[in-house]
>>> print(open('my_file-v7.csv').read())   # CSV, C-alpha atoms and all ligand atoms
chain,number,residue,atom,x,y,z
U,1,MET,CA,83.0,113.0,76.8
U,2,ARG,CA,85.9,111.7,74.8
U,3,ILE,CA,89.3,111.0,76.4
U,4,LEU,CA,92.6,110.4,74.7
U,5,ILE,CA,95.1,108.4,76.8
U,6,ALA,CA,98.8,108.2,75.9
U,7,ASN,CA,102.0,107.5,77.8
U,8,ASP,CA,105.7,107.3,77.3
U,9,ASP,CA,106.5,103.8,78.6
U,10,GLY,CA,104.9,102.2,75.6
U,11,TYR,CA,101.5,100.6,74.8
U,12,LEU,CA,102.4,97.4,76.8
U,13,ALA,CA,103.1,99.3,80.1
U,14,PRO,CA,101.1,98.3,83.2
U,15,GLY,CA,100.6,101.9,84.1
U,16,LEU,CA,98.7,102.6,80.8
U,17,ALA,CA,96.5,99.5,81.2
U,18,ALA,CA,95.7,100.5,84.8
U,19,LEU,CA,94.8,104.1,83.9
U,20,VAL,CA,92.6,103.0,81.0
U,21,LYS,CA,90.8,100.4,83.2
U,22,ALA,CA,90.2,102.9,86.0
U,23,CYS,CA,88.8,105.5,83.6
U,24,GLU,CA,86.2,103.1,82.1
U,25,GLY,CA,82.8,104.6,82.1
U,26,LEU,CA,84.0,108.2,82.1
U,27,GLY,CA,83.5,108.5,78.4
U,28,GLU,CA,84.7,107.2,75.1
U,29,ILE,CA,88.4,106.3,75.5
U,30,ASP,CA,91.0,106.2,72.8
U,31,VAL,CA,94.5,104.9,73.5
U,32,VAL,CA,97.4,106.0,71.3
U,33,ALA,CA,100.8,105.2,72.8
U,34,PRO,CA,104.3,104.7,71.6
U,35,GLU,CA,105.3,101.2,70.3
U,36,GLN,CA,108.4,101.2,72.5
U,37,ASN,CA,109.5,102.8,75.8
U,38,ALA,CA,110.1,106.4,74.9
U,39,SER,CA,110.8,107.8,78.4
U,40,GLY,CA,112.9,110.9,78.4
U,41,THR,CA,112.1,111.9,74.9
U,42,SER,CA,110.6,115.2,76.0
U,43,ASN,CA,108.5,117.1,73.4
U,44,SER,CA,110.3,115.6,70.4
U,45,LEU,CA,108.4,115.0,67.1
U,46,THR,CA,109.6,112.6,64.4
U,47,LEU,CA,110.2,114.7,61.3
U,48,HIS,CA,112.5,112.7,59.2
U,49,ARG,CA,110.6,109.5,58.6
U,50,PRO,CA,106.9,108.7,58.3
U,51,LEU,CA,104.9,107.2,61.2
U,52,SER,CA,102.7,104.1,61.2
U,53,ALA,CA,99.7,103.4,63.5
U,54,PHE,CA,98.9,99.8,64.6
U,55,THR,CA,96.1,98.4,66.7
U,56,ALA,CA,96.8,95.9,69.4
U,57,ALA,CA,94.4,93.0,70.3
U,58,ASN,CA,93.0,94.9,73.2
U,59,GLY,CA,92.1,97.9,71.0
U,60,PHE,CA,95.0,100.1,72.1
U,61,ARG,CA,96.6,101.9,69.2
U,62,TYR,CA,100.3,102.3,69.0
U,63,ILE,CA,102.7,104.4,66.9
U,64,ASN,CA,106.4,103.8,66.1
U,65,GLY,CA,107.3,107.3,67.4
U,66,THR,CA,107.4,109.5,70.5
U,67,PRO,CA,104.7,110.4,73.0
U,68,SER,CA,104.3,113.8,71.3
U,69,ASP,CA,104.0,112.0,68.0
U,70,CYS,CA,101.2,109.9,69.4
U,71,VAL,CA,99.1,112.7,70.6
U,72,HIS,CA,99.9,114.9,67.6
U,73,VAL,CA,98.9,112.2,65.1
U,74,ALA,CA,95.8,111.3,67.2
U,75,LEU,CA,94.6,114.9,67.3
U,76,THR,CA,95.4,115.8,63.7
U,77,GLY,CA,94.4,112.8,61.7
U,78,LEU,CA,93.9,109.5,63.5
U,79,LEU,CA,90.9,110.2,65.7
U,80,PRO,CA,87.6,111.0,64.0
U,81,ARG,CA,86.7,113.6,66.7
U,82,ARG,CA,88.6,115.9,69.0
U,83,PRO,CA,88.9,114.6,72.5
U,84,ASP,CA,87.7,116.7,75.5
U,85,LEU,CA,90.6,115.6,77.7
U,86,VAL,CA,94.1,114.2,77.2
U,87,LEU,CA,95.6,111.9,79.9
U,88,SER,CA,99.1,110.6,80.0
U,89,GLY,CA,100.6,107.8,82.1
U,90,ILE,CA,100.6,106.4,84.6
U,91,ASN,CA,104.4,106.7,84.4
U,92,ASN,CA,106.9,104.3,85.9
U,93,GLY,CA,108.6,106.8,88.2
U,94,ALA,CA,108.3,110.4,89.3
U,95,ASN,CA,108.3,113.4,87.1
U,96,MET,CA,109.1,116.3,89.4
U,97,GLY,CA,111.2,119.4,89.4
U,98,ASP,CA,113.5,119.8,86.4
U,99,ASP,CA,112.7,116.2,85.3
U,100,THR,CA,109.5,117.5,83.8
U,101,LEU,CA,111.5,119.1,81.0
U,102,TYR,CA,112.7,115.7,79.9
U,103,SER,CA,109.6,113.8,80.6
U,104,GLY,CA,107.8,112.1,77.7
U,105,THR,CA,104.8,111.6,80.0
U,106,VAL,CA,104.4,115.3,80.6
U,107,ALA,CA,105.2,116.0,76.9
U,108,ALA,CA,102.2,113.8,75.8
U,109,ALA,CA,99.9,115.8,78.0
U,110,MET,CA,101.5,119.0,76.9
U,111,GLU,CA,100.9,118.2,73.3
U,112,GLY,CA,97.2,118.0,74.0
U,113,PHE,CA,97.4,121.3,76.0
U,114,LEU,CA,99.2,123.0,73.0
U,115,PHE,CA,96.2,122.0,70.9
U,116,GLY,CA,93.9,123.7,73.4
U,117,ILE,CA,92.7,120.6,75.3
U,118,PRO,CA,92.8,120.2,79.1
U,119,ALA,CA,95.4,117.6,79.9
U,120,ILE,CA,96.8,115.7,82.9
U,121,ALA,CA,100.1,113.8,83.3
U,122,PHE,CA,100.2,111.1,86.0
U,123,SER,CA,103.3,109.5,87.4
U,124,GLN,CA,104.0,107.1,90.3
U,125,VAL,CA,106.7,108.4,92.6
U,126,GLU,CA,108.6,105.1,92.8
U,127,LYS,CA,109.5,102.9,89.8
U,128,GLY,CA,108.3,99.3,89.6
U,129,TRP,CA,104.5,99.6,89.4
U,130,ALA,CA,103.8,98.8,93.1
U,131,GLN,CA,100.3,99.9,93.9
U,132,VAL,CA,99.6,101.0,90.3
U,133,ASP,CA,95.9,100.1,90.6
U,134,ALA,CA,95.6,102.4,93.6
U,135,ALA,CA,97.3,105.2,91.7
U,136,ALA,CA,94.9,104.6,88.8
U,137,ARG,CA,91.9,104.9,91.2
U,138,LEU,CA,93.3,108.2,92.5
U,139,ALA,CA,93.8,109.3,88.9
U,140,ARG,CA,90.1,108.6,88.1
U,141,SER,CA,88.9,110.4,91.1
U,142,LEU,CA,90.9,113.5,90.2
U,143,VAL,CA,89.6,113.3,86.6
U,144,GLU,CA,86.1,113.1,88.0
U,145,GLN,CA,86.7,116.1,90.2
U,146,VAL,CA,88.1,118.4,87.5
U,147,LEU,CA,85.4,117.4,85.0
U,148,ALA,CA,82.7,118.2,87.6
U,149,ASN,CA,84.4,121.4,88.7
U,150,PRO,CA,86.7,122.7,86.0
U,151,PRO,CA,89.5,124.7,87.7
U,152,ALA,CA,89.6,127.4,85.0
U,153,PRO,CA,88.1,128.2,81.7
U,154,GLY,CA,89.9,127.0,78.6
U,155,ALA,CA,92.8,124.5,78.5
U,156,TRP,CA,95.0,123.8,81.5
U,157,LEU,CA,97.8,121.3,82.1
U,158,LEU,CA,98.4,119.4,85.4
U,159,ASN,CA,101.4,117.3,86.4
U,160,VAL,CA,100.4,114.8,89.1
U,161,ASN,CA,102.8,112.6,91.1
U,162,ILE,CA,101.3,109.8,93.2
U,163,PRO,CA,103.0,108.0,96.1
U,164,ASN,CA,103.1,104.2,95.6
U,165,ARG,CA,100.6,103.5,98.4
U,166,PRO,CA,97.5,101.3,98.6
U,167,ASP,CA,95.6,104.2,100.1
U,168,ALA,CA,96.6,106.7,97.4
U,169,ILE,CA,93.0,107.8,96.9
U,170,GLU,CA,92.8,108.9,100.5
U,171,LEU,CA,96.1,110.8,100.7
U,172,PRO,CA,95.9,114.6,101.0
U,173,ARG,CA,96.3,116.4,97.7
U,174,ARG,CA,98.5,119.4,97.5
U,175,ILE,CA,98.7,122.0,94.8
U,176,THR,CA,102.4,122.5,94.3
U,177,ARG,CA,105.1,124.2,92.3
U,178,LEU,CA,108.0,122.4,90.7
U,179,GLY,CA,111.1,122.0,92.8
U,180,ARG,CA,114.6,122.0,91.4
U,181,ARG,CA,117.3,119.4,91.1
U,182,HIS,CA,121.0,119.5,91.3
U,183,ALA,CA,122.8,118.9,88.0
U,184,SER,CA,122.7,115.3,86.9
U,185,GLU,CA,125.4,112.8,87.9
U,186,PRO,CA,128.2,112.4,85.4
U,187,VAL,CA,127.9,110.1,82.4
U,188,ILE,CA,129.0,106.5,83.0
U,189,CYS,CA,131.8,105.6,80.5
U,190,GLN,CA,132.4,102.0,79.4
U,191,GLN,CA,134.1,100.3,76.5
U,192,ASN,CA,132.2,98.6,73.7
U,193,PRO,CA,133.4,95.2,72.4
U,194,ARG,CA,135.7,97.0,69.9
U,195,GLY,CA,137.4,98.9,72.7
U,196,GLU,CA,135.7,102.2,71.9
U,197,PRO,CA,134.3,104.4,74.7
U,198,ILE,CA,130.6,104.5,75.1
U,199,TYR,CA,128.6,106.7,77.4
U,200,TRP,CA,125.5,106.1,79.5
U,201,ILE,CA,123.6,109.2,80.7
U,202,GLY,CA,123.9,109.2,84.5
U,203,PRO,CA,121.1,109.4,87.0
U,204,ALA,CA,119.3,112.7,87.9
U,205,GLY,CA,120.8,114.8,90.7
U,206,ASP,CA,119.3,115.0,94.1
U,207,ALA,CA,116.6,117.5,94.9
U,208,ARG,CA,118.1,120.9,95.5
U,209,GLU,CA,114.9,123.0,96.1
U,210,ALA,CA,112.5,120.7,97.9
U,211,GLY,CA,111.0,123.1,100.4
U,212,GLU,CA,107.4,123.5,101.4
U,213,GLY,CA,105.1,124.0,98.5
U,214,THR,CA,107.2,122.0,96.0
U,215,ASP,CA,106.3,118.7,94.4
U,216,PHE,CA,109.3,116.9,96.1
U,217,HIS,CA,108.1,118.1,99.5
U,218,ALA,CA,104.5,117.1,99.0
U,219,THR,CA,105.3,113.5,97.9
U,220,ALA,CA,108.0,113.1,100.5
U,221,ASN,CA,105.3,113.9,103.1
U,222,GLY,CA,102.8,111.3,101.8
U,223,CYS,CA,100.7,113.7,99.7
U,224,VAL,CA,99.6,113.6,96.1
U,225,SER,CA,101.4,116.4,94.2
U,226,ILE,CA,99.4,118.4,91.7
U,227,THR,CA,101.4,121.0,89.8
U,228,PRO,CA,99.7,123.3,87.3
U,229,LEU,CA,102.2,123.8,84.4
U,230,GLN,CA,102.5,126.4,81.7
U,231,VAL,CA,104.6,126.3,78.5
U,232,ASP,CA,105.9,129.9,78.4
U,233,LEU,CA,109.7,129.6,79.2
U,234,THR,CA,110.2,133.4,79.1
U,235,ASP,CA,112.2,134.7,82.1
U,236,HIS,CA,109.6,137.2,83.0
U,237,ALA,CA,111.4,138.2,86.3
U,238,ARG,CA,114.5,139.3,84.3
U,239,LEU,CA,112.8,140.8,81.3
U,240,PRO,CA,113.2,144.4,82.7
U,241,ALA,CA,116.9,143.8,83.5
U,242,TRP,CA,117.5,142.5,80.0
U,243,ARG,CA,115.7,145.4,78.4
U,244,GLN,CA,117.9,147.8,80.5
U,245,TRP,CA,120.9,145.8,79.4
U,246,SER,CA,119.9,146.0,75.8
U,247,GLN,CA,119.6,149.8,76.0
U,248,ALA,CA,122.9,150.2,77.9
U,249,VAL,CA,124.9,148.2,75.3
U,250,GLY,CA,123.1,150.2,72.5
U,251,SER,CA,121.4,147.4,70.8
I,301,MN,MN,108.4,106.8,81.3
>>> encode(input="my_file-v7.csv", output="C-alpha cells")
Amino acid sequence: MRILIANDDGYLAPGLAALVKACEGLGEIDVVAPEQNASGTSNSLTLHRPLSAFTAANGFRYINGTPSDCVHVALTGLLPRRPDLVLSGINNGANMGDDTLYSGTVAAAMEGFLFGIPAIAFSQVEKGWAQVDAAARLARSLVEQVLANPPAPGAWLLNVNIPNRPDAIELPRRITRLGRRHASEPVICQQNPRGEPIYWIGPAGDAREAGEGTDFHATANGCVSITPLQVDLTDHARLPAWRQWSQAVGS
C-alpha cells in the first residue's frame, strides 16, 4: 500500500503533520505539498513557469505551486511508483457546499481521482487546528475502513468534514450531499498607500440549503460528514430541456 498525502495549507501546516503521523503504519507514505498556503486555488495548474520540488528536513516534499500541481507532479514524474490512495488535508476549516468548487484541499484529492486513484479530502469544520489530532485519528480509522471494505470498484472521491471535537472518532458518520451557500459577501474595498483602491475577496455566504442529508446539516448536528463527489458538471436534469430548446430555435 502506497499513500500520497497532499494539502493546500502548505507543507508546514499542522493538519498535514497530524494526518501523516496518524497514517503511519498503513503503508509507504509520500508527502508532496505546496510550499506556501494555496487555499482557494481550486484545480489550477501552473502552466507558465516551471515547478521545483524540494525536500524538508522531516522528509516531506514541497513544490512551489498549487495543490493540483503537487499531486500532478507526484503522479507523473516525482514518485517512483503510482500510489494506491491519495489523501489531502487535514484542512484548516470546512469545505462544504459550494466551497468545494474553490477548495485546494478537495482539488488535490480530485487530481488523484482524475488519474484513476481513490482519494479522500479531509477538513476540520472550524479553523484554528483545535483537536486536529483527534480529527487525524478519525481520518485514519476511515482510511482503514475503506481499505478493508472498498465502497465501489475503481476510483472514487470522498470529501470529509470533521467537527473539532476530542471525540471525533466516536461521532456518528453520515453519508451526505453537498449543501448550497448564498452568494459571497461583497468585496472589501480599501486604499493602498498610493491612494489606489484595492479589493479583498469577502467571506463566503451563509448556508442556503442546509437541510437534512447535507454536509452542513450533518456537521451542525455533531456528525462527521462524508460526501462522495464526482467531476461531471453536466446539468443532466436539464439536458432534455436544452435539447428541446435547441430543436425549437433550429440549431
Ligand atoms: Mn486550506
>>> residues_near_ligand(input="my_file-v7.csv", ligand="ligand MN 301 (chain I)", cutoff="8 Å", atoms="all atoms listed in the file", output="JSON, numbers by chain")
{"U": [7, 8, 9, 37, 38, 39, 40, 89, 91, 92, 93, 103, 104, 105]}
>>> closest_atom_pairs(input="my_file-v7.csv", of="stretch 97-116 of chain U", to="stretch 156-170 of chain U", cutoff="7 Å", atoms="only C-alpha atoms", output="CSV")
residue,atom,partner,partner_atom,distance
U:Val106,CA,U:Asn159,CA,6.8
U:Met110,CA,U:Leu157,CA,6.8
U:Phe113,CA,U:Leu157,CA,6.1
>>> atom_distance(input="my_file-v7.csv", atom1="atom CA of U:Val32", atom2="atom CA of U:Ala148")
25.1 Å
>>> atom_distance(input="my_file-v7.csv", atom1="atom CA of U:Gly116", atom2="atom CA of U:Phe216")
28.3 Å
>>> closest_residue(input="my_file-v7.csv", among="U:Val224, U:Leu142, U:Ala218, U:Ala57", to="U:Ser123", atoms="only C-alpha atoms")
U:Val224
>>> closest_residue(input="my_file-v7.csv", among="U:Gly10, U:Gly202, U:Pro150, U:Gly15", to="U:Gln36", atoms="all atoms listed in the file")
U:Gly10
